[in-house]
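*Asks:* Got a structure for you, start.tsv, holding TSV, C-alpha atoms and all ligand atoms.
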chain	number	residue	atom	x	y	z
F	1	MET	CA	-67.06	-155.16	-57.59
F	2	GLN	CA	-63.47	-154.91	-56.43
F	3	SER	CA	-62.78	-156.03	-52.86
F	4	PRO	CA	-60.09	-154.22	-50.86
F	5	TRP	CA	-57.91	-157.33	-51.04
F	6	ASP	CA	-57.82	-157.01	-54.84
F	7	TYR	CA	-56.67	-153.39	-54.97
F	8	PRO	CA	-53.15	-153.05	-56.36
F	9	ASP	CA	-52.42	-150.78	-53.38
F	10	PHE	CA	-53.45	-153.40	-50.82
F	11	ASP	CA	-50.35	-154.32	-48.83
F	12	ASP	CA	-51.53	-156.59	-46.01
F	13	HIS	CA	-53.31	-153.67	-44.35
F	14	GLU	CA	-54.41	-154.72	-40.89
F	15	VAL	CA	-57.91	-153.21	-41.24
F	16	VAL	CA	-59.87	-151.10	-43.70
F	17	HIS	CA	-63.05	-149.44	-42.42
F	18	PHE	CA	-65.84	-148.04	-44.57
F	19	VAL	CA	-67.78	-145.36	-42.74
F	20	THR	CA	-71.25	-144.10	-43.71
F	21	ASP	CA	-73.34	-141.65	-41.71
F	22	ARG	CA	-76.72	-141.05	-43.31
F	23	GLN	CA	-77.58	-138.01	-41.21
F	24	SER	CA	-74.49	-135.94	-42.06
F	25	GLY	CA	-73.86	-137.54	-45.44
F	26	LEU	CA	-70.38	-138.60	-44.35
F	27	LYS	CA	-68.72	-141.23	-46.50
F	28	ALA	CA	-65.21	-142.09	-45.40
F	29	VAL	CA	-62.56	-144.78	-45.52
F	30	ILE	CA	-60.16	-145.37	-42.64
F	31	ALA	CA	-57.24	-147.64	-43.46
F	32	VAL	CA	-54.83	-148.91	-40.84
F	33	HIS	CA	-51.77	-150.37	-42.53
F	34	SER	CA	-49.61	-151.37	-39.58
F	35	THR	CA	-49.67	-151.10	-35.80
F	36	HIS	CA	-46.32	-152.91	-35.46
F	37	LEU	CA	-44.57	-149.86	-33.97
F	38	GLY	CA	-47.63	-148.30	-32.29
F	39	PRO	CA	-51.15	-147.05	-33.08
F	40	GLY	CA	-51.75	-146.24	-36.75
F	41	ALA	CA	-51.33	-142.48	-37.02
F	42	GLY	CA	-52.00	-140.29	-40.04
F	43	GLY	CA	-54.17	-137.39	-41.13
F	44	VAL	CA	-57.61	-137.36	-42.66
F	45	ARG	CA	-58.01	-136.01	-46.19
F	46	PHE	CA	-61.16	-134.25	-47.43
F	47	TRP	CA	-61.24	-134.59	-51.19
F	48	HIS	CA	-63.56	-135.09	-54.15
F	49	TYR	CA	-62.85	-138.31	-56.04
F	50	ALA	CA	-64.24	-139.10	-59.49
F	51	LYS	CA	-64.85	-142.70	-58.32
F	52	SER	CA	-65.19	-144.03	-54.78
F	53	ALA	CA	-62.64	-146.73	-55.69
F	54	ASP	CA	-60.09	-143.93	-56.09
F	55	ALA	CA	-60.75	-142.90	-52.48
F	56	VAL	CA	-60.18	-146.45	-51.25
F	57	ALA	CA	-56.96	-146.69	-53.26
F	58	ASP	CA	-55.82	-143.35	-51.80
F	59	ALA	CA	-56.54	-144.51	-48.23
F	60	LEU	CA	-54.60	-147.74	-48.85
F	61	ARG	CA	-51.63	-145.95	-50.41
F	62	LEU	CA	-51.54	-143.10	-47.91
F	63	SER	CA	-51.84	-145.32	-44.82
F	64	ARG	CA	-48.98	-147.50	-46.03
F	65	GLY	CA	-47.03	-144.33	-46.62
F	66	MET	CA	-47.71	-143.30	-43.01
F	67	SER	CA	-46.34	-146.61	-41.70
F	68	PHE	CA	-43.17	-145.98	-43.67
F	69	LYS	CA	-43.02	-142.31	-42.70
F	70	ASN	CA	-43.52	-142.88	-38.98
F	71	ALA	CA	-41.02	-145.73	-38.94
F	72	MET	CA	-38.38	-143.69	-40.75
F	73	ALA	CA	-39.00	-140.70	-38.48
F	74	GLY	CA	-38.19	-142.94	-35.51
F	75	LEU	CA	-41.66	-142.54	-34.00
F	76	PRO	CA	-43.41	-145.13	-31.84
F	77	LEU	CA	-46.39	-145.06	-34.22
F	78	GLY	CA	-47.83	-147.25	-36.95
F	79	GLY	CA	-49.52	-146.05	-40.12
F	80	GLY	CA	-53.14	-145.14	-40.80
F	81	LYS	CA	-55.08	-142.66	-42.89
F	82	GLY	CA	-58.61	-141.34	-43.19
F	83	VAL	CA	-60.19	-140.22	-46.44
F	84	ILE	CA	-63.50	-138.35	-46.51
F	85	LEU	CA	-65.28	-138.49	-49.86
F	86	ALA	CA	-66.41	-134.93	-50.60
F	87	ASP	CA	-68.96	-133.89	-53.21
F	88	SER	CA	-67.74	-132.02	-56.28
F	89	ALA	CA	-68.24	-128.65	-54.54
F	90	ARG	CA	-66.31	-130.04	-51.54
F	91	THR	CA	-69.11	-129.01	-49.18
F	92	LYS	CA	-67.91	-129.39	-45.61
F	93	THR	CA	-70.19	-129.58	-42.59
F	94	PRO	CA	-69.41	-129.92	-38.88
F	95	GLY	CA	-71.80	-132.89	-38.83
F	96	MET	CA	-69.47	-134.82	-41.13
F	97	PHE	CA	-66.51	-134.22	-38.86
F	98	GLU	CA	-68.54	-135.14	-35.78
F	99	ALA	CA	-69.51	-138.41	-37.45
F	100	PHE	CA	-65.89	-138.96	-38.45
F	101	GLY	CA	-64.86	-138.42	-34.81
F	102	ARG	CA	-67.36	-141.06	-33.67
F	103	ALA	CA	-65.95	-143.49	-36.22
F	104	VAL	CA	-62.38	-142.85	-35.03
F	105	GLU	CA	-63.45	-143.34	-31.41
F	106	GLY	CA	-65.06	-146.62	-32.39
F	107	LEU	CA	-61.68	-147.94	-33.45
F	108	GLY	CA	-60.56	-147.68	-29.84
F	109	GLY	CA	-57.17	-146.05	-30.47
F	110	ARG	CA	-56.04	-148.25	-33.31
F	111	TYR	CA	-56.16	-145.13	-35.52
F	112	ILE	CA	-55.12	-141.60	-34.51
F	113	THR	CA	-56.25	-138.83	-36.83
F	114	ALA	CA	-54.87	-135.35	-37.68
F	115	GLU	CA	-54.86	-132.79	-40.54
F	116	ASP	CA	-54.32	-133.55	-44.19
F	117	VAL	CA	-55.33	-131.89	-47.46
F	118	GLY	CA	-58.67	-130.13	-47.10
F	119	VAL	CA	-58.84	-130.48	-43.31
F	120	ASN	CA	-57.95	-127.70	-40.89
F	121	VAL	CA	-57.52	-127.28	-37.14
F	122	ALA	CA	-61.15	-126.16	-36.71
F	123	ASP	CA	-62.36	-129.39	-38.37
F	124	LEU	CA	-60.24	-131.39	-35.92
F	125	VAL	CA	-61.65	-129.50	-32.98
F	126	THR	CA	-65.04	-130.72	-34.20
F	127	VAL	CA	-63.65	-134.26	-34.52
F	128	SER	CA	-62.29	-134.03	-30.96
F	129	LYS	CA	-65.82	-133.58	-29.54
F	130	HIS	CA	-66.26	-137.30	-30.11
F	131	THR	CA	-62.83	-138.87	-29.82
F	132	LYS	CA	-59.63	-138.56	-27.87
F	133	TYR	CA	-57.68	-140.25	-30.66
F	134	VAL	CA	-56.96	-136.99	-32.43
F	135	SER	CA	-53.96	-134.73	-32.73
F	136	GLY	CA	-53.15	-131.47	-34.49
F	137	LEU	CA	-55.44	-129.51	-32.14
F	138	PRO	CA	-54.78	-125.90	-31.08
F	139	ALA	CA	-51.80	-125.91	-28.76
F	140	ALA	CA	-52.08	-124.61	-25.24
F	141	GLU	CA	-49.69	-121.74	-24.43
F	142	GLY	CA	-46.13	-123.08	-24.56
F	143	ALA	CA	-47.21	-126.61	-25.52
F	144	VAL	CA	-46.55	-128.51	-28.73
F	145	GLY	CA	-49.43	-128.87	-31.14
F	146	GLY	CA	-51.59	-127.23	-33.76
F	147	ASP	CA	-51.27	-127.14	-37.52
F	148	PRO	CA	-48.52	-129.52	-38.65
F	149	GLY	CA	-48.08	-127.58	-41.92
F	150	PRO	CA	-45.37	-125.17	-40.69
F	151	HIS	CA	-43.36	-128.07	-39.22
F	152	THR	CA	-43.63	-129.99	-42.48
F	153	SER	CA	-42.49	-126.86	-44.33
F	154	TYR	CA	-39.47	-126.55	-42.07
F	155	GLY	CA	-38.46	-130.16	-42.79
F	156	ILE	CA	-39.00	-129.67	-46.53
F	157	TYR	CA	-36.88	-126.53	-46.47
F	158	LEU	CA	-34.06	-128.38	-44.67
F	159	GLY	CA	-34.41	-131.31	-47.08
F	160	VAL	CA	-34.31	-129.02	-50.13
F	161	LYS	CA	-31.14	-127.46	-48.75
F	162	ALA	CA	-29.57	-130.89	-48.14
F	163	ALA	CA	-30.42	-132.00	-51.67
F	164	VAL	CA	-29.05	-128.78	-53.16
F	165	LYS	CA	-25.85	-129.21	-51.17
F	166	ARG	CA	-25.43	-132.80	-52.32
F	167	LYS	CA	-26.34	-132.39	-55.98
F	168	LEU	CA	-25.25	-128.84	-56.72
F	169	GLY	CA	-22.59	-128.36	-54.04
F	170	LYS	CA	-24.27	-125.17	-52.80
F	171	ASP	CA	-24.59	-124.24	-49.13
F	172	SER	CA	-27.39	-121.74	-49.68
F	173	LEU	CA	-30.50	-121.36	-51.80
F	174	GLU	CA	-29.42	-117.87	-52.82
F	175	GLY	CA	-29.83	-117.30	-56.53
F	176	LEU	CA	-31.33	-120.77	-57.10
F	177	HIS	CA	-34.59	-121.26	-58.96
F	178	ILE	CA	-37.22	-123.40	-57.24
F	179	ALA	CA	-40.40	-124.49	-59.03
F	180	ILE	CA	-43.15	-125.25	-56.52
F	181	GLN	CA	-46.27	-127.22	-57.37
F	182	GLY	CA	-49.03	-126.07	-55.03
F	183	ALA	CA	-49.45	-122.85	-53.09
F	184	GLY	CA	-51.04	-124.26	-49.97
F	185	SER	CA	-49.89	-124.54	-46.39
F	186	VAL	CA	-46.59	-126.40	-46.89
F	187	ALA	CA	-45.71	-124.73	-50.18
F	188	GLY	CA	-46.30	-121.33	-48.57
F	189	GLY	CA	-43.91	-122.05	-45.70
F	190	LEU	CA	-41.24	-123.37	-48.05
F	191	ALA	CA	-41.64	-120.42	-50.43
F	192	ARG	CA	-41.29	-117.86	-47.62
F	193	ARG	CA	-38.13	-119.45	-46.22
F	194	ALA	CA	-36.57	-119.95	-49.65
F	195	ALA	CA	-37.40	-116.37	-50.68
F	196	LYS	CA	-35.75	-115.11	-47.51
F	197	ASP	CA	-32.61	-117.00	-48.52
F	198	GLY	CA	-32.68	-115.27	-51.91
F	199	ALA	CA	-34.15	-118.05	-54.07
F	200	ARG	CA	-36.19	-117.28	-57.18
F	201	LEU	CA	-39.59	-118.97	-57.15
F	202	SER	CA	-42.03	-120.23	-59.76
F	203	ILE	CA	-45.38	-121.21	-58.27
F	204	ALA	CA	-48.38	-123.07	-59.67
F	205	ASP	CA	-51.73	-123.94	-58.14
F	206	ILE	CA	-55.03	-125.03	-59.67
F	207	ASP	CA	-56.48	-122.31	-57.43
F	208	ALA	CA	-55.11	-119.37	-59.42
F	209	ALA	CA	-55.95	-116.79	-56.75
F	210	ARG	CA	-53.94	-118.78	-54.20
F	211	ALA	CA	-50.97	-119.00	-56.54
F	212	HIS	CA	-51.08	-115.24	-57.16
F	213	ARG	CA	-51.36	-114.41	-53.45
F	214	LEU	CA	-48.29	-116.48	-52.60
F	215	ALA	CA	-46.31	-115.32	-55.62
F	216	ASP	CA	-47.03	-111.68	-54.73
F	217	GLU	CA	-45.87	-112.28	-51.17
F	218	VAL	CA	-42.56	-113.89	-52.14
F	219	GLN	CA	-42.03	-111.94	-55.35
F	220	GLY	CA	-42.29	-115.14	-57.35
F	221	GLU	CA	-43.73	-115.88	-60.73
F	222	VAL	CA	-47.03	-117.68	-61.30
F	223	VAL	CA	-46.83	-120.59	-63.73
F	224	ALA	CA	-49.81	-122.49	-65.18
F	225	PRO	CA	-50.46	-125.78	-63.32
F	226	GLU	CA	-49.86	-127.79	-66.50
F	227	ALA	CA	-46.49	-126.09	-67.06
F	228	ILE	CA	-44.85	-126.28	-63.62
F	229	MET	CA	-43.25	-129.69	-64.16
F	230	THR	CA	-41.40	-128.58	-67.28
F	231	VAL	CA	-39.99	-125.36	-65.85
F	232	GLU	CA	-36.20	-125.29	-66.09
F	233	ALA	CA	-35.06	-124.84	-62.48
F	234	ASP	CA	-32.61	-126.06	-59.85
F	235	VAL	CA	-35.28	-127.75	-57.76
F	236	PHE	CA	-38.79	-129.01	-58.43
F	237	SER	CA	-40.77	-129.15	-55.20
F	238	PRO	CA	-44.05	-131.07	-55.45
F	239	CYS	CA	-46.30	-129.70	-52.71
F	240	ALA	CA	-49.77	-130.47	-54.09
F	241	LEU	CA	-50.97	-134.03	-54.69
F	242	GLY	CA	-49.38	-137.41	-55.33
F	243	ALA	CA	-48.73	-139.69	-58.33
F	244	ILE	CA	-47.25	-136.86	-60.37
F	245	LEU	CA	-43.95	-138.56	-61.21
F	246	THR	CA	-44.85	-140.76	-64.18
F	247	PRO	CA	-42.64	-142.00	-67.05
F	248	GLU	CA	-43.97	-139.15	-69.20
F	249	SER	CA	-43.57	-136.37	-66.64
F	250	ILE	CA	-40.09	-137.62	-65.66
F	251	ALA	CA	-38.94	-137.57	-69.28
F	252	ALA	CA	-40.02	-133.92	-69.52
F	253	LEU	CA	-38.48	-132.68	-66.24
F	254	ARG	CA	-35.74	-130.03	-66.50
F	255	VAL	CA	-34.40	-130.06	-62.93
F	256	PRO	CA	-31.51	-131.84	-61.17
F	257	VAL	CA	-33.36	-132.13	-57.81
F	258	ILE	CA	-36.85	-133.15	-56.67
F	259	ALA	CA	-37.64	-132.43	-53.04
F	260	GLY	CA	-41.16	-131.69	-51.90
F	261	ALA	CA	-43.99	-132.45	-49.51
F	262	ALA	CA	-46.64	-134.31	-51.49
F	263	ASN	CA	-47.27	-137.85	-50.35
F	264	ASN	CA	-46.79	-140.70	-52.85
F	265	GLN	CA	-45.12	-138.61	-55.52
F	266	LEU	CA	-44.04	-141.64	-57.57
F	267	LEU	CA	-46.79	-143.23	-59.64
F	268	THR	CA	-45.20	-146.64	-58.98
F	269	PRO	CA	-41.89	-147.69	-57.42
F	270	ALA	CA	-40.45	-148.06	-60.94
F	271	GLU	CA	-40.42	-144.27	-61.36
F	272	GLY	CA	-37.75	-144.03	-58.65
F	273	ALA	CA	-35.36	-145.88	-60.95
F	274	LEU	CA	-36.30	-143.63	-63.88
F	275	LEU	CA	-35.30	-140.56	-61.84
F	276	LEU	CA	-31.97	-142.19	-61.00
F	277	GLU	CA	-31.38	-142.99	-64.68
F	278	ARG	CA	-32.00	-139.36	-65.54
F	279	GLY	CA	-29.51	-138.27	-62.87
F	280	ILE	CA	-32.18	-136.45	-60.87
F	281	LEU	CA	-31.63	-136.54	-57.10
F	282	TYR	CA	-34.88	-137.52	-55.39
F	283	ALA	CA	-35.71	-136.93	-51.73
F	284	PRO	CA	-38.09	-139.78	-50.79
F	285	ASP	CA	-41.39	-138.08	-49.95
F	286	TYR	CA	-42.20	-139.74	-46.66
F	287	VAL	CA	-38.73	-139.06	-45.28
F	288	ILE	CA	-38.54	-135.38	-46.20
F	289	ASN	CA	-42.16	-134.58	-45.27
F	290	ALA	CA	-42.10	-136.05	-41.73
F	291	GLY	CA	-41.91	-132.68	-39.93
F	292	GLY	CA	-45.66	-132.45	-39.44
F	293	ILE	CA	-46.07	-135.95	-38.06
F	294	ILE	CA	-43.09	-135.41	-35.77
F	295	ASN	CA	-44.96	-132.45	-34.27
F	296	VAL	CA	-48.29	-134.29	-34.21
F	297	ALA	CA	-46.64	-137.25	-32.49
F	298	SER	CA	-45.09	-135.06	-29.78
F	299	GLU	CA	-48.46	-133.42	-29.19
F	300	TYR	CA	-50.22	-136.75	-28.97
F	301	LEU	CA	-47.59	-138.60	-26.95
F	302	GLY	CA	-46.75	-135.53	-24.82
F	303	ASP	CA	-43.06	-136.36	-25.04
F	304	GLY	CA	-41.41	-133.09	-25.98
F	305	ASP	CA	-41.50	-129.31	-26.26
F	306	GLU	CA	-40.97	-126.98	-29.25
F	307	ALA	CA	-37.19	-127.34	-28.99
F	308	THR	CA	-37.39	-131.16	-29.00
F	309	VAL	CA	-39.67	-131.08	-32.04
F	310	LYS	CA	-37.35	-128.70	-33.86
F	311	ALA	CA	-34.34	-130.90	-33.05
F	312	ARG	CA	-36.20	-134.00	-34.31
F	313	ILE	CA	-37.13	-132.24	-37.56
F	314	GLU	CA	-33.51	-131.22	-37.98
F	315	GLN	CA	-32.62	-134.93	-38.18
F	316	ILE	CA	-34.43	-135.19	-41.53
F	317	PRO	CA	-31.41	-134.06	-43.64
F	318	GLY	CA	-29.24	-136.70	-41.93
F	319	ARG	CA	-31.75	-139.42	-42.78
F	320	LEU	CA	-31.82	-138.25	-46.39
F	321	GLU	CA	-28.03	-138.31	-46.49
F	322	ALA	CA	-28.00	-141.89	-45.19
F	323	ILE	CA	-30.46	-142.90	-47.93
F	324	TRP	CA	-28.52	-141.11	-50.67
F	325	ASP	CA	-25.27	-142.69	-49.40
F	326	GLU	CA	-26.77	-146.16	-49.53
F	327	SER	CA	-28.25	-145.41	-52.95
F	328	GLU	CA	-24.85	-144.38	-54.26
F	329	ALA	CA	-23.19	-147.42	-52.75
F	330	SER	CA	-25.79	-149.93	-53.94
F	331	GLY	CA	-26.87	-148.39	-57.23
F	332	ARG	CA	-30.49	-148.63	-56.12
F	333	ASP	CA	-32.66	-145.54	-56.31
F	334	PRO	CA	-33.29	-143.53	-53.12
F	335	ALA	CA	-36.99	-144.41	-52.94
F	336	ALA	CA	-36.21	-148.14	-53.10
F	337	VAL	CA	-33.50	-147.72	-50.46
F	338	ALA	CA	-35.91	-145.86	-48.15
F	339	ASP	CA	-38.61	-148.52	-48.67
F	340	ALA	CA	-36.17	-151.29	-47.75
F	341	MET	CA	-35.08	-149.42	-44.60
F	342	ALA	CA	-38.72	-148.85	-43.59
F	343	MET	CA	-39.70	-152.47	-44.26
F	344	ARG	CA	-36.95	-153.61	-41.92
F	345	LEU	CA	-38.28	-151.29	-39.21
F	346	LEU	CA	-41.85	-152.55	-39.77
F	347	GLY	CA	-40.80	-156.16	-39.37
F	348	ARG	CA	-41.86	-156.86	-42.95
F	349	ALA	CA	-38.47	-157.22	-44.60
F	401	LIG	P1	-53.01	-127.63	-48.91
F	401	LIG	O1	-54.37	-128.17	-49.11
F	401	LIG	O2	-52.79	-126.49	-47.98
F	401	LIG	O3	-52.39	-127.23	-50.33
F	401	LIG	C1	-52.41	-128.04	-51.43
F	401	LIG	C2	-52.54	-127.13	-52.65
F	401	LIG	O4	-52.32	-127.87	-53.84
F	401	LIG	C3	-53.91	-126.48	-52.78
F	401	LIG	O5	-53.77	-125.07	-52.85
F	401	LIG	C4	-54.46	-127.07	-54.09
F	401	LIG	O6	-55.29	-126.16	-54.80
F	401	LIG	C5	-53.18	-127.37	-54.82
F	401	LIG	N1	-53.31	-128.33	-55.93
F	401	LIG	C6	-54.05	-129.45	-56.01
F	401	LIG	N2	-53.84	-130.06	-57.20
F	401	LIG	C7	-52.94	-129.33	-57.86
F	401	LIG	C8	-52.33	-129.43	-59.14
F	401	LIG	N3	-52.60	-130.46	-59.96
F	401	LIG	N4	-51.44	-128.48	-59.52
F	401	LIG	C9	-51.15	-127.44	-58.71
F	401	LIG	N5	-51.71	-127.28	-57.48
F	401	LIG	C10	-52.59	-128.21	-57.06
F	401	LIG	O7	-52.10	-128.89	-48.50
F	401	LIG	P2	-50.72	-128.89	-47.73
F	401	LIG	O8	-50.99	-129.11	-46.29
F	401	LIG	O9	-49.90	-127.75	-48.15
F	401	LIG	O10	-50.08	-130.24	-48.28
F	401	LIG	C11	-49.47	-130.30	-49.56
F	401	LIG	C12	-49.01	-131.73	-49.84
F	401	LIG	O11	-48.09	-132.12	-48.82
F	401	LIG	C13	-50.11	-132.79	-49.82
F	401	LIG	O12	-49.79	-133.80	-50.74
F	401	LIG	C14	-50.04	-133.36	-48.42
F	401	LIG	O13	-50.52	-134.67	-48.35
F	401	LIG	C15	-48.55	-133.31	-48.20
F	401	LIG	N6	-48.20	-133.26	-46.78
F	401	LIG	C16	-48.67	-132.28	-45.98
F	401	LIG	C17	-48.31	-132.24	-44.64
F	401	LIG	C18	-48.79	-131.16	-43.73
F	401	LIG	O14	-48.30	-131.11	-42.59
F	401	LIG	N7	-49.68	-130.28	-44.14
F	401	LIG	C19	-47.47	-133.25	-44.14
F	401	LIG	C20	-46.98	-134.23	-44.99
F	401	LIG	C21	-47.36	-134.23	-46.31
Could you write out this structure as structure tokens?
*Replies:*
Amino acid sequence: MQSPWDYPDFDDHEVVHFVTDRQSGLKAVIAVHSTHLGPGAGGVRFWHYAKSADAVADALRLSRGMSFKNAMAGLPLGGGKGVILADSARTKTPGMFEAFGRAVEGLGGRYITAEDVGVNVADLVTVSKHTKYVSGLPAAEGAVGGDPGPHTSYGIYLGVKAAVKRKLGKDSLEGLHIAIQGAGSVAGGLARRAAKDGARLSIADIDAARAHRLADEVQGEVVAPEAIMTVEADVFSPCALGAILTPESIAALRVPVIAGAANNQLLTPAEGALLLERGILYAPDYVINAGGIINVASEYLGDGDEATVKARIEQIPGRLEAIWDESEASGRDPAAVADAMAMRLLGRA
């Protein structure tokens, strides 16, 4: 049996918790990568994994990603992540989220939870019955909070525009073709904004009905999930799951820009260099997708209103520019440059 220390994704994580609750059937992993800059903050994912080891690997990878993301977003937070192992039908019960809340509370504030794939605001309200270390709850009138998805979408939209400006020299998305993988919360927000700007959209989701609903709304075209990464377009925006940029998929890409929300888009760090070799401009995932955590952090820390959150999200393009500048100057790929910047901030350089 593989111990957490032996996982390729283990990166001196401070703690990794395995949670089992017999009554609700909850099986979860909570990984806290770093609390160097503050409590380990990051959402909880509800997903079906073929093997439980895949869930552990995901928690390790995603929590490390949160450390990097929070550091690069300038937040006083470390990195953590929860993963709930769903059955193949992804049956959700309030009991599971109550048990998850008790587990989070038991960590005494070392981990702060919020939404991620498969988890919505209502689930977090259930979690919040048992812990105060939770964010992404319904916002009180005029206060910051709620679903981070729209804030992430806003940051992705700004990041896509920055990448388009840099690579294609265009100030607007008008007339550009954007291929979006996923038709969920973040993809939907991006698609609506881009459509408003006059972009043409190709959309794929393994949930065909979801893809059709979004495509109808934005007058886009539905593409089969297995075909979205070979669509010829101006931008490919991965807004579904991670590890999609592999040597094979990169060789087949027909886009000059990749800018999207999915966490851990690169299979390994080596793929960042492959993108650079192919002349594809890459927006490092955890930098461009920080909008949601910026909102979650303000809600949790109570340190800003809607305008402050918006202004903080609007700093994302500037951070991307700094990374692309350093990449150009050093010849290193943008993902490697971002990692080095984050490691410095985490005191792990
Ligand atoms: P979501 O659950 O609303 O949507 C994800 C969609 O991707 C679903 O419709 C799902 O059916 C689809 N999907 C899964 N596998 C796919 C595949 N192989 N091909 C095509 N579609 C596929 O999730 P979301 O909140 O929109 O998040 C999207 C991505 O962005 C995730 O990777 C998430 O971790 C990341 N992210 C989200 C936020 C946020 O605030 N919601 C913040 C940062 C990063």
*Asks:* Could you list, as a PyMOL selection string, every residue within 6 Å of Ile30 (chain F), counting all atoms listed in the file and ignoring same-chain residues fewer than 5 positions away?
*Replies:* chain F and resi 16-17+81-82
*Asks:* Okay, now the selection with C-alpha atoms, as an mmCIF file, keeping the file's coordinate frame?
*Replies:*
data_model
loop_
_atom_site.group_PDB
_atom_site.id
_atom_site.type_symbol
_atom_site.label_atom_id
_atom_site.label_comp_id
_atom_site.auth_asym_id
_atom_site.auth_seq_id
_atom_site.Cartn_x
_atom_site.Cartn_y
_atom_site.Cartn_z
ATOM 1 C CA VAL F 16 -59.870 -151.100 -43.700
ATOM 2 C CA HIS F 17 -63.050 -149.440 -42.420
ATOM 3 C CA LYS F 81 -55.080 -142.660 -42.890
ATOM 4 C CA GLY F 82 -58.610 -141.340 -43.190
#
*Asks:* Any residue with an atom at most 9 Å from ligand LIG 401 (chain F) counts, using all atoms listed in the file. Which are they? Put them as a PyMOL selection string.
*Replies:* chain F and resi 43+45+62+115-120+147-153+180-189+203-208+210-211+224-226+228+238-242+244+260-265+285-286+288-293+296
*Asks:* Go through F:Ala335, F:Val32, F:Leu158, F:Ala227 and flag the residue nearest Leu267 (chain F), using all atoms listed in the file for the distances.
*Replies:* F:Ala335
*Asks:* For CA of Val19 (chain F) and CA of Val44 (chain F), quote the distance in Å rounded to one decimal.
*Replies:*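 Those two atoms sit 12.9 Å apart.
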*Asks:* Using Å and a single decimal, report how far CA of Gly74 (chain F) sits from CA of Leu281 (chain F).
*Replies:*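 Atom-to-atom, CA of Leu281 (chain F) to CA of Gly74 (chain F), that is 23.5 Å.
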*Asks:* Measure the distance from CA of Thr20 (chain F) to CA of Phe46 (chain F) in Å and round it to one decimal.
*Replies:*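 Separation of CA of Thr20 (chain F) and CA of Phe46 (chain F): 14.6 Å.
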*Asks:* Counting all atoms listed in the file, which of F:Gly38, F:Gly145, F:Gly95, F:Gly159 gets nearest to Glu314 (chain F)?
*Replies:* F:Gly159
*Asks:* Could you check which of F:Ala195, F:Val134, F:Leu301, F:Ala122 is closest to Gly109 (chain F), using all atoms listed in the file?
*Replies:*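 Closest candidate: F:Val134.
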*Asks:* Given the choices F:Val235, F:Glu141, F:Val223, F:Leu190, which gets closest to Leu168 (chain F) if the distance is worked out from only C-alpha atoms?
*Replies:*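 Selected residue with least distance to Leu168 (chain F): F:Val235.
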*Asks:* Using only C-alpha atoms, which residue out of F:Val287, F:Val83, F:Val160, F:Met96 lies closest to Ile258 (chain F)?
*Replies:*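 Answer, going by the shortest atom-to-atom distance: F:Val160.
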*Asks:* Determine, counting all atoms listed in the file, which protein, DNA and RNA residues have an atom within 12 Å of an atom of Leu26 (chain F); residues of the same chain fewer than 2 positions away are not included. Present the result as a PyMOL selection string.
*Replies:* chain F and resi 18-24+28-29+46+83-87+90-103
